[in-house]
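*Asks:* Here it is, the structure, as structure tokens.
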Amino acid sequence: MPVTSVSLGLVALAALIAHPGLRRFGPRFFYVLALAPLAACALYAAQLPSILDGAALTEYVSWVPLFGLDWSFRVDLLAELFALLVTGAGGLILIYCRWYFSDSEDGLARFGATFVAFAGAMLGLVVADNVYLMFIFWEATTVLSFLLIGHASKRWTSRSAALQALIVTTLGGLAMLAGLVALVALSGTTSLHGILQHPPTGGAAVAAVYLVLLGALSKSAIIPFQFWLPGAMAAPTPVSAYLHAAAMVKAGILILARFGPSFGDMPGYRTTLVVLGGATMLHGALRALRQYDLKLVLAFGTVSQLGMLTMLYGLADPRTDAAATVLLFAHALGKAPLFLAVGIIDHRVGTRDLRKISGLGRQAPVLAATAALAGASMVGLPPMLGFVGKEAALTELLVMLPEGDTSSPVLGWFALIVMILGSICTTGYVLRFLWGAFSRKTGVIGCSIVHRQHPSILFAPIVFVVTAIAAGIGATALDPFIQELAKQAGPEGVESLDPAHLALWHGLTLALLISVFIIALGVLLFFVTRRLVDRLPVWPERFTASHAYFSITRAVDELALRVTGFTQRGSLPYYLAVILCVTVVAMTGTLLTSGQKPVDTTLATNAVQPVLAVLMIAAAIATLRATKRFQALILVGFTGYGMAALYAFHGAPDLALTQVLVETVTLIAFVLVIRRLPQRMQRRSTRKIRIGRVVLGTALGTLFGAAVLFALGARVADPISLELPRLAVEGGHGINVVNVMLVDIRGWDTLGELSVVLSAATGVASLVFLRNRSGSLPRLSRRDARSRVREHLQRVADPQDRTERGTWILAGRRLDPANRSIILEVVVRLVFHALIILSIYLLLAGHNAPGGGFAGGLVAGIALVARYLAGGRHELGATVPFDAGRILGTGLAISVATAAVPLLFGEAALSSSWFDLDLGPFGHLSFVTSTLFDIGVYMVVFGLVLDVLRSLGSQVDVYEEGEEIEEIANTDDHDEEQTGPHAGRVERGGSL
């Protein structure tokens with residue numbers, strides 16, 4: 001059973017249904033969403049016995065072989081444990097979200113979908129074996145965490161914290177990508193398991209590993225990147241509990257756990273990680289002792305614990321690695337319920353400031369007991385799992401020192417001392433948290449309940465705590481996992497030392513005495529800092545990493561402003577001239593140094609081509625002489641239509657059709673733009689500038705013509721186009737080579753172009769609409785639209801009903817009679833449905849005849865243009881009564897789904913299939929699955945045209961109407977002052 005594919009599929013499905021489900025059912029739908037990660041957790045738990053025996057679950061599907069990118073997964077014991085953590089914690093926190101969020105939460109549906117998608121990305125990162133696939137999931141967690149941290153997008157602190165986390169982790173991710181590429185080049189494989197089993201050596205390998213470590217350290221908030229994690233506490237509490245206790249920050253730790261056994265002997269590896277980890281542990285713990293915000297106490301505590309894990313994994317010894325793994329899970333099981341408790345406290349009393357909270361322990365004893373047990377695990381008290389992990393870590397460090405197993409005795413002593421000091425501070429800040437959250441404080445008024453919560457909200461924290469207790473008591477049962485984990489770590493042929501056996505009680509050992517010493521000093525530290533925290537000196541802010549980050553970003557902003565002020569002069573001709581001059585210089589140099597000769601050419605293949613060329617040249621020259629914008633626009637369009645004619649006479653009907661449609665839509669878009677500009681073009685350029693433009697234009701045209709000839713002359717082999725007809729029939733089951741190339745042979749290019757089209761549409765809409773994509777356009781539900789159409793047709797057909805006489809379109813009655821054209825309305829009424837049918841025909845016939853989704857979408861868009869030109873924005877709103885953004889998104893989703901579905905059947909992405917049906921007297925039907933991809937293209941193009949019409953057409957009409965109303969109001973006010981309340985009023989027809 002493909003456990004990983006099924007698990008990722010379940011989570012992906014939950015992410016897809018999260019948005020509509022939460023919008024429809026509210027927070028209750030979190031129960032449904034929790035089923036996906038919990039089911040995945042159960043699937044992985046069922047594989048534990050076989051994986052414990054040394055087996056590994058592997059799955060492989062070829063994806064992009066040319067780049068070595070495969071859908072490759074490998075679940076060994078370490079990946080299995082992390083997968084259980086990611087899915088189990090994710091499911092419990094989703095259950096917590098049911099009672100944490102209210103029905104009125106802003107952006108709840110978006111949050112739920114993003115959270116579940118993040119859980120899926122984290123699961124993919126844990127189990128991915130292909131390094132490039134792992135990096136894709138790695139960056140997915142970065143982007144999704146940015147969205148989760150910035151959930152409260154209206155607050156500046158949330159936006160700033162999200163951007164800070166994104167910048168820091170993305171820069172680290174880019175360094176990691178460079179390191180992974182180098183490791184692949186050095187090892188000859190993209191398999192992470194293969195790289196770790198046969199690690200490359202040499203200076204290049206050292207540099208590559210350090211680049212990977214840079215990405216891991218930035219993700220896990222290790223010095224000097226530690227500052228982003230406390231700032232990320234601006235996120236909702238469930239996000240903090242998951243990303244920063246059980247998921248995202250553990251991604252970097254996972255890389256350290258993987259790389260240590262194979263690359264630990266590289267120069268400086270252990271020293272770098274141990275020193276940085278130890279410094280981070282002490283820094284975070286000391287900062288936690290000074291915080292008043294309960295969430296920040298835990299945040300800096302997380303930084304400290306991540307430093308401890310980095311230090312232990314940095315020793316690159318199987319024994320400390322085993323202890324670090326136990327501590328990693330102990331931290332997740334202890335820190336997650338503490339974060340969740342903070343969310344409950346914040347909702348209950350309306351504050352997280354420990355100076356304002358008093359007596360909450362008596363009001364909420366179950367919550368206090370849960371938090372106290374979670375804190376006991378963090379401190380390392382029996383019988384919690386934290387106690388077992390801390391004992392194991394101290395035991396291994398003490399054993400390693402006399403044996404001299406560390407690369408340096410100084411490094412071993414450093415790790416032990418930092419572990420002791422950091423644990424003392426951990427005890428101190430955990431006690432500070434519990435005291436601040438639940439104790440009764442003198443001089444502080446008892447807490448009043450701001451929001452009474454359902455008792456079920458405690459379910460997830462209690463499960464975490466019970467699991468930590470059960471794992472501590474059953475430590476002996478967990479020992480086989482740790483022993484097997486040590487055996488599986490490291491490259492082949494290298495024996496690893498067995499770690500000490502896990503147990504809740506080892507007797508009176510030196511490690512136990514050190515633990516008692518740590519707890520005693522930690523309690524003393526708490527009492528001392530509680531009284532002296534306000535008197536302790538504060539580290540100057542200007543010497544912190546956070547200040548350095550903001551200084552760098554501010555310097556970058558200032559540099560960007562200076563560069564922009566120098567280069568961006570507000571002159572489009574200047575920008576275009578610079579771009580074209582650079583193009584001329586670069587391409588001329590390339591052609592002169594290429595050593596190629598231009599190919600012999602035939603000027604014309606028939607008598608029509610020279611005529612079209614002369615007409616196009618004449619139109620281009622006439623454009624330069626045009627004085628009116630509309631005149632210039634028509635002349636430019638003439639050259640485009642001439643190019644379509646050249647395609648047609650050269651035997652390319654598909655290109656000709658597409659060129660005609662694109663030119664038509666482009667002309668319409670230009671017309672919509674220039675109607676807000678002056679009719680005449682003002683000529684202020686000097687003679688010198690005009691000569692320069694002529695020279696530049698001539699040079700550019702000559703250069704591109706020469707480039708084509710040189711490119712044709714450079715060919716030394718038969719072109720691949722000779723094989724395209726055969727590939728189209730055999731691989732795409734179609735005879736229209738152009739369409740088969742778009743949806744089959746080069747489907748990835750088309751998918752990328754669809755993303756660009758969607759981005760362009762979003763950019764146009766963002767420049768025009770003030771608040772959202774639909775603006776103030778008239779809205780109609782589907783039921784209202786159908787009823788209005790039916791009512792309209794009945795009135796037109798009824799000879800006794802004269803209310804609709806002369807109304808041929810839906811918005812006819814709302815138009816100003818002075819602006820109506822009955823002929824245009826009649827023509828549009830007659831051709832609209834024919835155009836829609838034609839567009840569908842082009843869509844379905846495009847695989848074997850001229851057409852396709854692109855051409856069909858343009859024809860449907862032209863039909864919309866006709867409705868808009870005839871009836872204005874009200875007619876457009878009645879024709880398509882829903883948002884263009886949904887059409888664009890649905891089209892892209894269909895294309896992506898069509899590309900991805902073959903992966904579920906073990907085929908490469910974008911693979912197509914077909915079936916033939918003999919319909920007897922009705923003919924022969926051949927359907928290709930790539931038609932579904934073309935349907936997505938159709939919807940994206942149709943949505944783009946609709947978006948342009950609503951942006952440059954309807955919304956501009958709204959602005960014009962607003963200006964007219966304002967002008968009338970100003971006229972009325974002026975006339976009222978002069979002659980009376982009704983003087984000078986202008987009567988206007990139509991509805992505004």
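So you can find residues: chains in the structure tokens are A, B, ... in the order shown, residues in each start at 1, and ligands are numbered from 1 in order.
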Produce a table with one row for each residue of range 278-383 of chain A that has an atom at most 12 Å from any atom of range 269-274 of chain A, each row naming the nearest atom pair and its distance in Å at one decimal; use only C-alpha atoms; arrange rows by chain and rising residue number; format as CSV.
*Replies:*
residue,atom,partner,partner_atom,distance
A:Gly278,CA,A:Val274,CA,5.9
A:Ala279,CA,A:Val274,CA,8.4
A:Thr280,CA,A:Val274,CA,9.8
A:Met281,CA,A:Val274,CA,10.3
A:Leu306,CA,A:Leu273,CA,11.6
A:Gly307,CA,A:Val274,CA,8.7
A:Met308,CA,A:Val274,CA,8.7
A:Leu309,CA,A:Val274,CA,9.5
A:Thr310,CA,A:Leu273,CA,6.3
A:Met311,CA,A:Val274,CA,4.2
A:Leu312,CA,A:Val274,CA,7.2
A:Tyr313,CA,A:Leu273,CA,8.1
A:Gly314,CA,A:Leu273,CA,4.9
A:Leu315,CA,A:Arg270,CA,5.3
A:Ala316,CA,A:Arg270,CA,6.8
A:Asp317,CA,A:Arg270,CA,9.8
A:Thr320,CA,A:Val274,CA,12.0
*Asks:* Name all residues at most 10 Å from Tyr429 in chain A (count only C-alpha atoms; drop same-chain ones fewer than 3 positions away) and give them as a list in words.
*Replies:*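 The neighbour list is Ala285, Leu286, Arg287, Ala288, Leu289, Arg290, Gln291, Val297, Leu298, Phe300, Gly301, Gly375, Val379, Ser423, Ile424, Cys425, Thr426, Arg432, Phe433, Leu434, Trp435, Gly522, Val523, Leu525, Phe526, Thr529 and Arg530 of chain A.
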*Asks:* With C-alpha atoms retained, write the just-selected residues as a compact mmCIF listing (two decimals), in the first residue's frame.
*Replies:*
# COMPACT_ATOMS: atom_id res chain seq x y z
CA ALA A 285 16.71 30.86 28.11
CA LEU A 286 18.04 34.13 29.54
CA ARG A 287 15.70 36.18 27.35
CA ALA A 288 12.75 34.01 28.46
CA LEU A 289 13.44 34.90 32.11
CA ARG A 290 12.83 38.60 31.36
CA GLN A 291 9.54 38.36 29.44
CA VAL A 297 8.24 33.34 27.52
CA LEU A 298 7.46 30.19 25.57
CA PHE A 300 12.27 32.36 23.73
CA GLY A 301 12.08 29.01 25.51
CA GLY A 375 5.90 22.29 32.35
CA VAL A 379 11.82 20.91 33.23
CA SER A 423 18.54 23.43 31.87
CA ILE A 424 18.78 25.55 35.01
CA CYS A 425 17.43 28.50 33.07
CA THR A 426 14.73 26.26 31.55
CA ARG A 432 8.02 31.88 35.77
CA PHE A 433 5.41 30.89 33.21
CA LEU A 434 3.38 28.77 35.64
CA TRP A 435 3.61 31.39 38.38
CA GLY A 522 16.44 26.45 38.67
CA VAL A 523 13.96 27.01 41.51
CA LEU A 525 16.95 31.20 39.91
CA PHE A 526 13.19 31.67 39.54
CA THR A 529 14.80 36.68 38.92
CA ARG A 530 11.19 37.20 40.00
*Asks:* May I ask for the distance between CA of Ala246 in chain A and CA of Phe137 in chain A, given in Å to one decimal place?
*Replies:*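 For CA of Ala246 in chain A relative to CA of Phe137 in chain A, the distance reads 16.4 Å.
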*Asks:* Which residues, written as a list of chain:residue names, have at least one atom at most 6 Å from range 863-875 of chain A, with only C-alpha atoms counted and residues fewer than 4 positions away on the same chain left out?
*Replies:*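 Once the adjacent positions are removed, what remains is A:Ala811, A:Glu825, A:Phe832, A:Leu835, A:Ser954.
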*Asks:* What is the CA of Ser187 in chain A to CA of Gly172 in chain A distance in Å?
*Replies:*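 Straight-line distance from CA of Ser187 in chain A to CA of Gly172 in chain A works out to 22.3 Å.
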*Asks:* List as a ChimeraX atom specification the protein and nucleic acid residues near range 854-857 of chain A, meaning an atom at most 7 Å away when only C-alpha atoms are counted, but skip any in the same chain fewer than 2 places from it.
*Replies:* /A:658,839-840,842-843,851-852,859-861,937-939,941-942
*Asks:* Pull C-alpha atoms from the residues just selected and write them as a PDB file, in the first residue's frame.
*Replies:*
ATOM      1  CA  THR A 658      -5.109  32.911 -33.084  1.00  0.00           C
ATOM      2  CA  SER A 839     -16.050  28.938 -29.104  1.00  0.00           C
ATOM      3  CA  ILE A 840     -17.088  25.563 -27.697  1.00  0.00           C
ATOM      4  CA  LEU A 842     -13.156  25.451 -31.431  1.00  0.00           C
ATOM      5  CA  LEU A 843     -12.366  24.113 -27.948  1.00  0.00           C
ATOM      6  CA  GLY A 851      -8.852  25.925 -32.808  1.00  0.00           C
ATOM      7  CA  GLY A 852      -8.203  24.868 -29.215  1.00  0.00           C
ATOM      8  CA  VAL A 859     -14.001  33.879 -29.221  1.00  0.00           C
ATOM      9  CA  ALA A 860     -16.094  33.603 -26.050  1.00  0.00           C
ATOM     10  CA  GLY A 861     -14.351  36.738 -24.778  1.00  0.00           C
ATOM     11  CA  VAL A 937      -6.927  27.057 -20.896  1.00  0.00           C
ATOM     12  CA  TYR A 938     -10.330  28.094 -22.245  1.00  0.00           C
ATOM     13  CA  MET A 939     -11.521  29.250 -18.823  1.00  0.00           C
ATOM     14  CA  VAL A 941      -8.443  33.054 -21.375  1.00  0.00           C
ATOM     15  CA  PHE A 942     -12.171  33.716 -20.972  1.00  0.00           C
TER      16      PHE A 942
END
*Asks:* At a cut-off of 7 Å, using only C-alpha atoms, what residues contact range 468-485 of chain A? Leave out same-chain residues fewer than 3 positions from it and give the result as a list in words.
*Replies:* Leu52, Leu77, Leu78, Ala322, Ala330, Leu333, Pro383, Met384, Leu385, Val388, Phe464, Val465, Gln488, Ala489, Asp498, Pro499, His501, Leu502, Ala503 and Leu504 of chain A
*Asks:* Please list as a list in words every residue within 12 Å of Phe29 in chain A, counting only C-alpha atoms and excluding residues in the same chain fewer than 4 positions away.
*Replies:*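 Counting only the stated atoms, we get Ala14, Ala15, Ile17, Ala18, His19, Pro20, Gly21, Leu22, Arg23, Arg24, Phe25, Leu33, Ala34, Leu35, Leu94, Ile95, Tyr96, Cys97, Arg98, Trp99, Phe101, Asp103, Leu108, Ala109, Gly112 and Ala113 of chain A.
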*Asks:* Write the residues you've just listed into a file as an mmCIF file, in the first residue's frame, and include C-alpha atoms for each of them.
*Replies:*
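Result file follows (result_9.cif):
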data_model
loop_
_atom_site.group_PDB
_atom_site.id
_atom_site.type_symbol
_atom_site.label_atom_id
_atom_site.label_comp_id
_atom_site.auth_asym_id
_atom_site.auth_seq_id
_atom_site.Cartn_x
_atom_site.Cartn_y
_atom_site.Cartn_z
ATOM 1 C CA ALA A 14 -8.661 18.179 3.215
ATOM 2 C CA ALA A 15 -6.853 21.350 2.158
ATOM 3 C CA ILE A 17 -12.330 21.250 0.937
ATOM 4 C CA ALA A 18 -11.249 23.363 3.920
ATOM 5 C CA HIS A 19 -12.169 26.739 2.444
ATOM 6 C CA PRO A 20 -15.714 25.918 1.267
ATOM 7 C CA GLY A 21 -16.333 23.713 4.284
ATOM 8 C CA LEU A 22 -15.360 26.353 6.841
ATOM 9 C CA ARG A 23 -17.342 29.024 5.008
ATOM 10 C CA ARG A 24 -20.400 26.786 5.044
ATOM 11 C CA PHE A 25 -20.194 25.127 8.457
ATOM 12 C CA LEU A 33 -10.298 18.511 8.629
ATOM 13 C CA ALA A 34 -8.663 16.822 11.619
ATOM 14 C CA LEU A 35 -9.629 13.418 10.248
ATOM 15 C CA LEU A 94 -7.108 21.198 14.331
ATOM 16 C CA ILE A 95 -9.481 19.796 16.963
ATOM 17 C CA TYR A 96 -8.353 22.600 19.289
ATOM 18 C CA CYS A 97 -9.145 25.133 16.542
ATOM 19 C CA ARG A 98 -12.800 24.073 16.694
ATOM 20 C CA TRP A 99 -13.188 25.824 20.037
ATOM 21 C CA PHE A 101 -12.026 30.307 16.762
ATOM 22 C CA ASP A 103 -17.898 31.965 13.813
ATOM 23 C CA LEU A 108 -11.223 31.631 9.043
ATOM 24 C CA ALA A 109 -11.692 29.675 5.807
ATOM 25 C CA GLY A 112 -8.011 26.471 7.760
ATOM 26 C CA ALA A 113 -7.004 25.742 4.177
#
*Asks:* Would you mind listing what lies within 10 Å of Met233 in chain A as a PDB file with C-alpha atoms, in the first residue's frame, with only C-alpha atoms counted and same-chain residues fewer than 4 positions away left out?
*Replies:*
ATOM      1  CA  ILE A 149       1.911  34.119  10.742  1.00  0.00           C
ATOM      2  CA  THR A 157       2.807  43.562  13.749  1.00  0.00           C
ATOM      3  CA  SER A 158       1.481  40.414  12.052  1.00  0.00           C
ATOM      4  CA  ALA A 161       6.560  39.374  11.631  1.00  0.00           C
ATOM      5  CA  ALA A 162       5.395  37.294   8.658  1.00  0.00           C
ATOM      6  CA  TRP A 228      12.505  35.823  13.699  1.00  0.00           C
ATOM      7  CA  LEU A 229      10.945  33.141  15.893  1.00  0.00           C
ATOM      8  CA  THR A 237      -1.978  30.396  19.072  1.00  0.00           C
ATOM      9  CA  VAL A 239      -0.073  28.322  14.568  1.00  0.00           C
ATOM     10  CA  SER A 240       2.480  28.896  17.320  1.00  0.00           C
ATOM     11  CA  ALA A 241       1.738  25.509  18.860  1.00  0.00           C
ATOM     12  CA  HIS A 244       7.074  26.419  16.463  1.00  0.00           C
ATOM     13  CA  LYS A 295       3.643  33.673  24.754  1.00  0.00           C
ATOM     14  CA  LEU A 296       7.049  35.334  24.518  1.00  0.00           C
ATOM     15  CA  LEU A 298       7.458  30.186  25.567  1.00  0.00           C
ATOM     16  CA  ALA A 299       8.823  31.624  22.318  1.00  0.00           C
TER      17      ALA A 299
END
*Asks:* Any chance you could tabulate, as a tab-separated table, the residues of range 4-24 of chain A at most 12 Å from range 37-44 of chain A with each one's nearest atom pair and distance in Å to one decimal, using only C-alpha atoms, in chain and rising number order?
*Replies:*
residue	atom	partner	partner_atom	distance
A:Thr4	CA	A:Tyr44	CA	8.3
A:Ser5	CA	A:Ala40	CA	10.0
A:Val6	CA	A:Ala40	CA	7.8
A:Ser7	CA	A:Ala40	CA	4.8
A:Leu8	CA	A:Ala40	CA	7.9
A:Gly9	CA	A:Ala40	CA	9.5
A:Leu10	CA	A:Ala40	CA	7.4
A:Val11	CA	A:Pro37	CA	6.2
A:Ala12	CA	A:Pro37	CA	10.0
A:Leu13	CA	A:Pro37	CA	10.8
A:Ala14	CA	A:Pro37	CA	8.9
A:Ala15	CA	A:Pro37	CA	10.7
*Asks:* Out of A:Leu340, A:Ile167, A:Ala245, A:Met176, which residue has the shortest atom-to-atom distance to Gln305 in chain A when counting only C-alpha atoms?
*Replies:*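 Among the listed residues, A:Ala245 lies closest to Gln305 in chain A.
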*Asks:* Using DSSP on the backbone, list every residue of range 323-440 of chain A that comes out as alpha helix (DSSP H), and give them as a PyMOL selection string.
*Replies:* chain A and resi 323-349+360-363+365-379+385-403+409-438
*Asks:* What are the closest atom pairs, with distances in Å to one decimal, for each residue of range 612-693 of chain A lying within 10 Å of range 717-741 of chain A, using only C-alpha atoms, rows by chain and rising residue number, as CSV?
*Replies:*
residue,atom,partner,partner_atom,distance
A:Ala652,CA,A:Val738,CA,9.3
A:Asp654,CA,A:Val738,CA,7.2
A:Leu655,CA,A:Val738,CA,8.2
